[in-house]
Structures are given as structure tokens and as C-alpha cells.
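Accompanying notes for the structure given below.
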Number of protein chains: 2
Amino acid sequence: MPNHPYAPPKLKQGTLRITPLGGLGEVGRNMTVYEIDGKLLVVDCGVLFPEEHQPGVDLILPDISQIEDRLQDIVAVVLTHGHEDHIGGVPYLLKRREDIPLIGSKLTLAFVEAKLKEHRIRPKTHIVAEGDRHTFGPFDLEYIAVNHSIPDALAVAIRTDAGLVIGTGDFKMDQLPLDGRITDLRAFARLGEEGVDLFMTDSTNAEVPGFTALEKNIGPVLERVIEKSRGKVVVASFSSHVHRVQQVLDAAQKNGRRVVLLGRSMVRNMKIAADLGYLDVPEGVLVDLKKSGDIPDHRIVYMSTGSQGEPMAVLSRMVNKEHQVEVGDGDTVILASSLIPGNENSVYRIINGLMKLGANVVHKGNANVHVSGHASAGELMYCYNIVRPKNVMPIHGEYRHLIANAGVAIETGVPQNRTIIAENGTVVDLVDGVAREVGQLEIDFIYVDGKTVGKVTDDDLRDRRTLAEEGFISVITVVETSLGQIVSGPEIHAKGVAEADHVFDKIKPQIAEALERAMKDGVTDQHALQQVVRRTIGRWVGTKLRRKSMIVPVVVVV
Amino acid sequence: MPNHPYAPPKLKQGTLRITPLGGLGEVGRNMTVYEIDGKLLVVDCGVLFPEEHQPGVDLILPDISQIEDRLQDIVAVVLTHGHEDHIGGVPYLLKRREDIPLIGSKLTLAFVEAKLKEHRIRPKTHIVAEGDRHTFGPFDLEYIAVNHSIPDALAVAIRTDAGLVIGTGDFKMDQLPLDGRITDLRAFARLGEEGVDLFMTDSTNAEVPGFTALEKNIGPVLERVIEKSRGKVVVASFSSHVHRVQQVLDAAQKNGRRVVLLGRSMVRNMKIAADLGYLDVPEGVLVDLKKSGDIPDHRIVYMSTGSQGEPMAVLSRMVNKEHQVEVGDGDTVILASSLIPGNENSVYRIINGLMKLGANVVHKGNANVHVSGHASAGELMYCYNIVRPKNVMPIHGEYRHLIANAGVAIETGVPQNRTIIAENGTVVDLVDGVAREVGQLEIDFIYVDGKTVGKVTDDDLRDRRTLAEEGFISVITVVETSLGQIVSGPEIHAKGVAEADHVFDKIKPQIAEALERAMKDGVTDQHALQQVVRRTIGRWVGTKLRRKSMIVPVVVVV
């Protein structure tokens, strides 16, 4: 149910136009475009992971086709942090124009560069840090430290002739983070004093009352679980969660265990984090999988990927006994991770599977081994009260999250009519301290499927769902139209239909008869004859088999 | 990962054999078979709803094929309550032998009979009530009142020469239920004194610490939400949850609103419940949808189905504006229901959709509008301590639930080696006060798909998943083998592949060449020629398109 599209007016000099191309009304593919005086600034360019009704799709991109003819006007892309839903779309954008400058913190850009390397793209990068301030075209950018479930995240303050906007990116307000780098409320306060015209904040946890718990509370729980374990310990988490891995390293060391990193992305990201000083690897704790053979089970912790039940990741392979690390009786597996909605079946399949192997499974349902990376409603209140923005536009979240975030803003005193519930493609203009909706673009899902980008359409997905639920029936007949005769067939092939082959024997004479009659009536066109076949078998399949299988009629005219 | 199958020994006279055919290791299709002295007793016969990796499947039955040749030995089927996961498979069992006696409470059998009527089956029924005791062949059955999220649920005590077994069915221990009918712990205590050899209890909520909250706490919340609503109110819940509907009727009446029941199953079930005295409809509160046209929005409550986001149910149709009741600004929708794992995406889609229509959406995430129907760990402890069983076998639940339930039993003093973690098909023999595993049958999913039962195989589902994710490519060629020539084609049809048709032009000459070469080498067999096509295009699709699409090669030999 997207909004009804309508064209925005021509953008006036000195007005700032803000258009989200992804991430509003969904969790993922975050991307917002800012335009003023003919120049564009992009903030984030992430991916969305497909749902079950989008089979075969690998990734979904923001609708970058909207700026296809404006690529030369982009002055920069600001990347707020290194999570896939904020950076995953960058390769696809840079394939269209490789020299767009990328702005981000040291760790964020290191993650982006590793990703771009796989796509053989060498980007033009500008490393920035909190407190820095630069001008790109008409945009004066200042970066603010925020705390999130990945280090080195930044909010961005965008000053233009139209006013001051802050986009928080994903954030929370852990007051005692592992690296001491808290969300910089002093900067928010200073900007608030200056006057914030539009404040765009992370909605992900806006429905959750109160405050997100401290990351450092998890360490002691990990320590105790590892201490009590007699066998090997496997900890699964997100491969970019540097602080979670830090706590696992520390807990392992305290228990006299060594740590093996498992999973390609885990190994790659932690090398980057350690090289850049974000991960403090205790001397001698890490050991390579290849060299871990001699270490007894009770002296080892495996730090792995696959906490969401992804079928190809380490944890699933352990459950299916397809991984060289075997989990069995007396071993402990800790899922130190969230359960992303939609992944329940996969995750519970993993938990059940590990338990059947004899493992003790510790997860956020039975122990405090995870905290969220997003600000709860209580934290958002602090932000709104410190910034006191003129206008608010919730970002990053499903519609219910945006509504909840707007509700928090209104509770703190932001007028309801200055609180904008935008969606993907909603065009918002900021001028004279007032932000208002002025248009609605039609935003598409851009599907990445194998090597193709944007080739899979919603029609293709409908075909795929039909194939999955109803299968297909192809009918091949060779006819000689000049004689009005069937030379061969009809031959019927069915897949996924769940009927025995002989079931179709009953309909073959009817198809033959219908074709012969049509040819007798002078029909010789291949397409028309195929339609005859489609009608004949389609009706029969619908009434006799009660199915709506895809029908593929092929009439070869010789 | 099913257990390794092994055959149980021949059953000795006087030994009771217990074999679950569904419901262990999953939530749904509950069915357990008891055998002694050549006779079988079945307890429950439910359905399981398919997951996303089982596309096109409507229902999954317990593996009734295991007793296919023993149907005449079944003395009765006991149905513990009227939920689909306990009664939904009955029509498919009775289609194999229609005169199997069905035993159950008044409401349970009324629900079963309504279902069987749709299948044109008139069952042989025995209505029983708590406290009743009857003998069916070698089974002496006693029924015990239990409280659940549907009225009139029963546990069953089964006395045989081998000892006394209790199966609780689904239950919880609400101490102040709406109908005053509590789980009969006095009966459990009396049976405990007599000596319970095997106790089989509901594991669904065994992971949840503490106690399930009272159903009657929901009424005042519903009342307040309805009181505050200015527009129409829609309440969605399960169509068999008589007490939930009762609370909605009462809350509506107190607020001077009338109630319209929406959804075929809601209307049917509530008529049965009211006719039999389980639902107390306040005078003049119910009104037919057809006659509700004149009632203003603020005087009406719609009680509907679809709380799990089922695409064809009332609530989804409201979201898609396909239902005659329109939801909009100022209206309130209450999801007075659980969120069954796996349904998250559908349910959140509904919540987001309703919010976009302008409705205020109240659900268990933001208000106390639902309590579970299952006993939490605290309640299970009471049961184990009151019954003090010799042996325990957790039922009804995924593996993690069974393990948690066994853990509770062990905590209360049941020896670990008297606690049996069975799976579907695990054969357990009870003799001389000891229950032990003696075999493992291979249990299949029996898929109901359209009109077919058991015809869809796991291979078919693999085909369907391939079709969904990779699509199919069919290649049709007509050849005259005597001349070694291609008469027509190759013609290529692709669906769900996401490649433009012309992409395949590149491979057609190679296919033609491969076929001609094969014919030149003397290959004339249709199957062999089709394999030539499959290899040629399959390799190309794999390397050039990087896809694993299903290949359907058809070579017509004329």
C-alpha cells in the first residue's frame, strides 16, 4: 500500500529537498537523498534482505534508479556506519559512477573498501571523525559520535542555506560503552542551541519502552557460561559486532581458553578491526582453525557467524554435521545475538538441532547474552528534549516504528503538524524552518538476483510463487498445419504439481481434438494454437485437479 | 535430523506400547497411539501448518500410514480438545475407516462434527465429561477437566494391565477461569496416590518461567480500549477462543456497542458455543453484518478472524480494502491473540497496513490483550509434585520445549533416566512400572495439497523450491533422426529466471550442433537426445548465467 504518487514542484533555489529512497516502511536498504541548488548529497546506501514471498532474490537495493540521471550532481555519499543495511548498496551505486566520494569514519570505510574490493572497485574516500566539519558543494557537514552495535558510528549534521538538519543514523545511548565513545549529547545540545530545523532519528526500537541495557552487562554472563562449560564453547553473533567479539575474547582468556574465529566475514572483519585498533586481541588468545587441532575441547571457544540460522553459515553447517567443528554432548552454544523478525523458524531449527546433538544452548530467551543496538523510547526522549527540533521526521523502520517514534517526539512537545511520517519516495522540502511533504515518488524494489540487478520484476516473483505453490505443466505438440494433423504429442511434462504422470493421459485426447478442430477451422498461427491448448488443459486442471498450475503450451508447427 | 530408525521387538502380552505419530519435535499434528493386547487407542489426530520451505502445501497430517493395516484394531480415538492441531486430521483418518468411535467432550465433538460435515462424514461419537470412566477394549479411560484456551478440554487417564498413564493434552492452570472449570488437581492428586506409571504433559510453554497470567485480566483492558475508541473497533482472535469472544461481548455491552461476528469459522464456532451454552451472549448484543448498516461506527465492535495475518482472512482483506468493513482514521484494531512463531512477517504486515489506514493498533506488544493457553514451567512443577509420576514423557512441542519440560520434571525429583525424550515414531514400552524406548519408526510428513493427500513428496517440494528460487528453462526441439536433422527449434521458454528472452539466442546454435553431432554418432533415443540438450544448456546456464534453474529438455522425434 504505497502512497499515491504525485509529482513534487520544481525545487526552488535555497530550499532543501529530502527524499528517502529506502529504509522507511522497512528495516533495511537505508538511503536518503538531500538536494539543494542543483547538488545532491546521499546519506547511506544499504541493502534489504528478501522475505519469503521474494524467492530467489539475494538482496534488495534502494531505488537508485530515481537518481540515475543525476549521478554527476552527487557531491558525496556519507556512510553513517558499517552495517549492510547502510553500506551494502554502495557497490551498485559506484558501478554507475565510480568516483563518487565516500565519507565515513575509519572503520566504516575500511569495511566498505573490503566489500568494494570484491567488486573490484577502488573508491575515492574521505575518512572523517567526530567533530570534523567539511563543505561539499552547498552542504556543510559536521560529524557527531554515536554509539551503536558496531564501533565508530556517526550522526551527521547538514547545514545548508535552508537550515540545519541532523540525521542520527542507527544509534543508542549506552552510557558505559566498551570503547568509552558515547553518543555525543553535548554536540546535540550545542546544535540544539544553534537551532535544529529537522531532526531525523532511528525508529527501530521506538516501540520499546525504557532504555536499552548496557553492552558491558553481557561480558560477565559470557564469562559464567564459559566457566561452567565442560566441553567446547561456540559463540555465534554478527560478524561486525566488534565489542561483542571483544567480550568473548576477554571471557575466553579469563577462562584459559583460546579463540578460533569461524566464518569468512568474521575472520575478515575482525582482522580489519584489530589492525585498526578497534579490537584489542589479548596476546596469544586467537588461534587459527588449522592450528587448533591439538587444543582440547575445554580449552577452546569458537566465535562464529550464522546466528540468524542462515543455511550456508557456520552454525547451520554444524547442525547438519557439515562443518569440521563437531558439536555434541557436553558442548555449549551461545547465540549472542538478536532474533531478527522473520528468522524465527530458521533460528529455532538451529536451536532444536543443536539440542538434539546434545549441546546446551544459551540464547537471549534464557540468558542475558544480547542487547539491542538501537535507542529505546526513553533514550529518544532525551534526544528530543536536548535538541528541541523545529521539525521531526522518523527514519529507519517499519511504519509501526515510525509512528511510535513520532509519538515519542510529540510527547516531548514537538507539534504534531511538525512531525512528518514519510515513506520511501516521500519528497520533503525544508524552507524557512518548516519541513513539509511536497510530493511522492513511486519507489520500486531493485532486486539483485545472481548476476542481475533490477532485472527481476514483481511479475517474475509472482511467476516464481505460482511455480512454488502450483508447479507447472508443459504441453508439447508438433502439428502440420497444411494437413491439419498432429505429427507428435501432445506430450505433457509436469513438475511440482504432485500428480502422477498418468493423470494427464485423460486430457491428451481432448487437447488433440481441440487442436485438430482449430486447424480445421483454419487456425494456423502458432500463438493461436497454443492458446487453444492453454484453454483446454487449463480448464481441466482447474476443475478436475483443482489447481492453478502454470501452463506452458508449446505447439511446434512444421 | 530424525533419530536413526530401528525396529521395536514384538509386543508382549500385558505390555503397553506408546508411539507418537506427530506433535513431538514440532508444534502441531498431535497424535499418539497406545497398543496393548492387539488393540489400539488413538489420542488426538491433529494437523500441522506448513512452513515457508513447504510451498503449496495446505496441511500436514501425522503419519497415519503407520497404522494403515491396523485400522480395524483401533477401539477409539480420544480427542482432548477442539483445536485444529488436535482434531484437524480426524477427517483423513475416518476416510480410511469411517466407524472408528470418537470420544470427546460435548464442545470438542460439536467442533469435530461440524468439520466432518464438510467432508460428508457422519462419525460415531461418544460424548464424555470430566469424572466419567469407560472401558474400550483393554483400555479403561477416565477423563479429567483441564483448562485451556478453548472450553471443555480434557486430560485422559488410561489404565491397562501395564499400569496407569496420564496424557494431559494442551492445558494450563488458570485458577480463576471464566467458566470456573479449573484443571482438576484433586483428580491428579488422587491418581498420583493410586500411582501414575507414565505422565505425558504439554511442553509448549515449558521454557517460560513462572505462571501464565489469568484470562480474566484481559477483560478490563478490552473494556478500557473500547471505551477510549471514538470510531469502530475491530477485535481479532482465534475463532475457537470462546472465552476471549465472551470478554469482547461483555466489554462491548458495557460500552453500549453491538458486536458483529466476521469470518466463516468465527460465525460457525460461536453459534455452536452459544447453542451448547459455552458462550453467554448478552441479550441484543450480537447483530448480523447484513443488518449492521444503520449502526454508527462508535456503537459497533467487529469480532473477526485473521489475527495471524492469514492472507484470505478478514483482517488481511480489511488491510487490502477488500472487505466491506472499512478501517480508517480514528478506528481501533485489537489483536487479542498470540503471535505464532513463523507468522511475524505476516502479522507485522497487517499491523503496519492498519496503521497506514490510520487505525490505532493494540496488540500484545503494547497492551495486555492476550495470555497463552499453555502451562508455564511453574505450573508444570505443581503437576509433577502433585502426581509424582514414575516415568515422564514430555509431549506437544519442538525439541527445545520437550527438553525444557523434562528439565522441570527432573528438578521436581523425577530421575533423569525415567524421563524420556521421545520423538515422532519413538516406540516406548511400559511394563512393570518402567517406560523405555524400544524402537524408532521412520515418520513422514503426510502433505495435504488441494485434493491430494500424501501424494506430494519431499522431492516434489525440492522441485518447487528450485522453481521458486531459480525458475525453469524448457527447450523444445523437433528432430528427424533418420535424416539426422533438426526439423524445428530449439525453442526456449523460461519462467522465473529473470533473464530477457534474447539471452537464450546465444545458446541455441550450440544445442542444435550438439544434437546434430549426437544423431550423427547414431543416437536416436529420445531420452538420450534430451540428455544431450540438458548437458549443453545446463552447463551454459551454470557458467554464464550462474543459475541452477530447472532444465526441461524435450526432444520430439518425428
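Letters for chains follow the order of the C-alpha cells (A, B, ...), residue numbers begin at 1 for each chain, and ligand numbers begin at 1 in the order shown.
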Which chain B residues are at most 6 Å from chain A (counting only C-alpha atoms), as a ChimeraX atom specification?
/B:55-56,342,344-345,352,399-400,455-456,460,463-465,467-469,496,498
Excluding A:Ala76 and any residue of its chain fewer than 6 positions from it, enumerate the residues within 9 Å of it, using only C-alpha atoms, and give them as a ChimeraX atom specification.
/A:40-43,100-103,136
For stretch 167-172 of chain B, please output as number ranges by chain all residues within 7 Å (counting only C-alpha atoms; exclusion window: fewer than 3 positions along the same chain).
B: 80, 146-148, 155-157, 199-202, 373-375
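Considering the residues A:Asp44, A:Asp85, A:Glu193, A:Asp37 and counting only C-alpha atoms, A:Gly137 has its shortest atom-to-atom contact with A:Asp37.
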Members of stretch 163-368 of chain B assigned helix (DSSP H, G or I) by DSSP, as an NGL selection string:
:B and (185-194 or 215-228 or 242-254 or 264-275 or 289-291 or 297-299 or 314-319 or 344-356)
Please identify all polymer residues within 6 Å of A:Cys45, counting only C-alpha atoms, omitting same-chain residues fewer than 5 positions from it, and present them as a PyMOL selection string.
chain A and resi 30-31+86-87+89-90
The selected residues should be written to file as a PDB file, in the first residue's frame (atoms: all heavy atoms).
```pdb
ATOM      1  N   ASN A  30      18.665   1.434   3.770  1.00  0.00           N
ATOM      2  CA  ASN A  30      18.564   2.841   4.116  1.00  0.00           C
ATOM      3  C   ASN A  30      19.302   3.712   3.126  1.00  0.00           C
ATOM      4  O   ASN A  30      20.458   3.448   2.789  1.00  0.00           O
ATOM      5  CB  ASN A  30      19.129   3.060   5.519  1.00  0.00           C
ATOM      6  CG  ASN A  30      18.287   2.356   6.561  1.00  0.00           C
ATOM      7  OD1 ASN A  30      17.176   2.783   6.864  1.00  0.00           O
ATOM      8  ND2 ASN A  30      18.800   1.249   7.083  1.00  0.00           N
ATOM      9  N   MET A  31      18.624   4.747   2.659  1.00  0.00           N
ATOM     10  CA  MET A  31      19.252   5.694   1.731  1.00  0.00           C
ATOM     11  C   MET A  31      18.386   6.949   1.675  1.00  0.00           C
ATOM     12  O   MET A  31      17.194   6.872   1.418  1.00  0.00           O
ATOM     13  CB  MET A  31      19.377   5.078   0.336  1.00  0.00           C
ATOM     14  CG  MET A  31      19.984   6.018  -0.694  1.00  0.00           C
ATOM     15  SD  MET A  31      20.337   5.107  -2.238  1.00  0.00           S
ATOM     16  CE  MET A  31      21.034   6.426  -3.243  1.00  0.00           C
ATOM     17  N   HIS A  86      23.266  -0.249   5.690  1.00  0.00           N
ATOM     18  CA  HIS A  86      23.683   1.145   5.449  1.00  0.00           C
ATOM     19  C   HIS A  86      24.774   1.263   4.383  1.00  0.00           C
ATOM     20  O   HIS A  86      24.926   2.331   3.794  1.00  0.00           O
ATOM     21  CB  HIS A  86      24.122   1.807   6.760  1.00  0.00           C
ATOM     22  CG  HIS A  86      22.977   2.034   7.683  1.00  0.00           C
ATOM     23  ND1 HIS A  86      22.411   3.269   7.896  1.00  0.00           N
ATOM     24  CD2 HIS A  86      22.236   1.154   8.410  1.00  0.00           C
ATOM     25  CE1 HIS A  86      21.380   3.153   8.737  1.00  0.00           C
ATOM     26  NE2 HIS A  86      21.265   1.884   9.062  1.00  0.00           N
ATOM     27  N   ILE A  87      25.518   0.186   4.152  1.00  0.00           N
ATOM     28  CA  ILE A  87      26.595   0.274   3.151  1.00  0.00           C
ATOM     29  C   ILE A  87      26.475  -0.747   2.009  1.00  0.00           C
ATOM     30  O   ILE A  87      27.184  -0.642   1.010  1.00  0.00           O
ATOM     31  CB  ILE A  87      28.003   0.095   3.791  1.00  0.00           C
ATOM     32  CG1 ILE A  87      28.187  -1.343   4.330  1.00  0.00           C
ATOM     33  CG2 ILE A  87      28.262   1.130   4.873  1.00  0.00           C
ATOM     34  CD1 ILE A  87      29.631  -1.690   4.696  1.00  0.00           C
ATOM     35  N   GLY A  89      24.610  -1.327  -0.429  1.00  0.00           N
ATOM     36  CA  GLY A  89      24.244  -0.925  -1.784  1.00  0.00           C
ATOM     37  C   GLY A  89      25.315  -0.107  -2.483  1.00  0.00           C
ATOM     38  O   GLY A  89      25.190   0.204  -3.677  1.00  0.00           O
ATOM     39  N   VAL A  90      26.381   0.254  -1.745  1.00  0.00           N
ATOM     40  CA  VAL A  90      27.409   1.145  -2.307  1.00  0.00           C
ATOM     41  C   VAL A  90      28.034   0.597  -3.604  1.00  0.00           C
ATOM     42  O   VAL A  90      28.176   1.346  -4.582  1.00  0.00           O
ATOM     43  CB  VAL A  90      28.495   1.473  -1.242  1.00  0.00           C
ATOM     44  CG1 VAL A  90      29.666   2.220  -1.867  1.00  0.00           C
ATOM     45  CG2 VAL A  90      27.890   2.306  -0.109  1.00  0.00           C
TER      46      VAL A  90
END
```
If we count only C-alpha atoms and set the cut-off at 10 Å, which residues sit around stretch 253-268 of chain A, ignoring sequence neighbours fewer than 5 positions away in its own chain? Please answer as a PyMOL selection string.
chain A and resi 111+114+223-224+226-228+232-242+245+247-248+273+281-292+295-306+312-315+325
Residues flagged strand (DSSP E or B) by DSSP in stretch 164-377 of chain A, as an MDAnalysis selection string:
chainID A and resid 164:167 172 198:200 202 233:236 258:261 286 300:304 332:335 360:363
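You can rank B:Pro389, B:Gly219, B:Gly195, B:Pro9 by their closest distance to B:Pro177 using only C-alpha atoms, and at the top of that list sits B:Gly219.
If you look at atom CA of A:Val532 and atom CA of B:His527, they are 27.7 Å away from each other.
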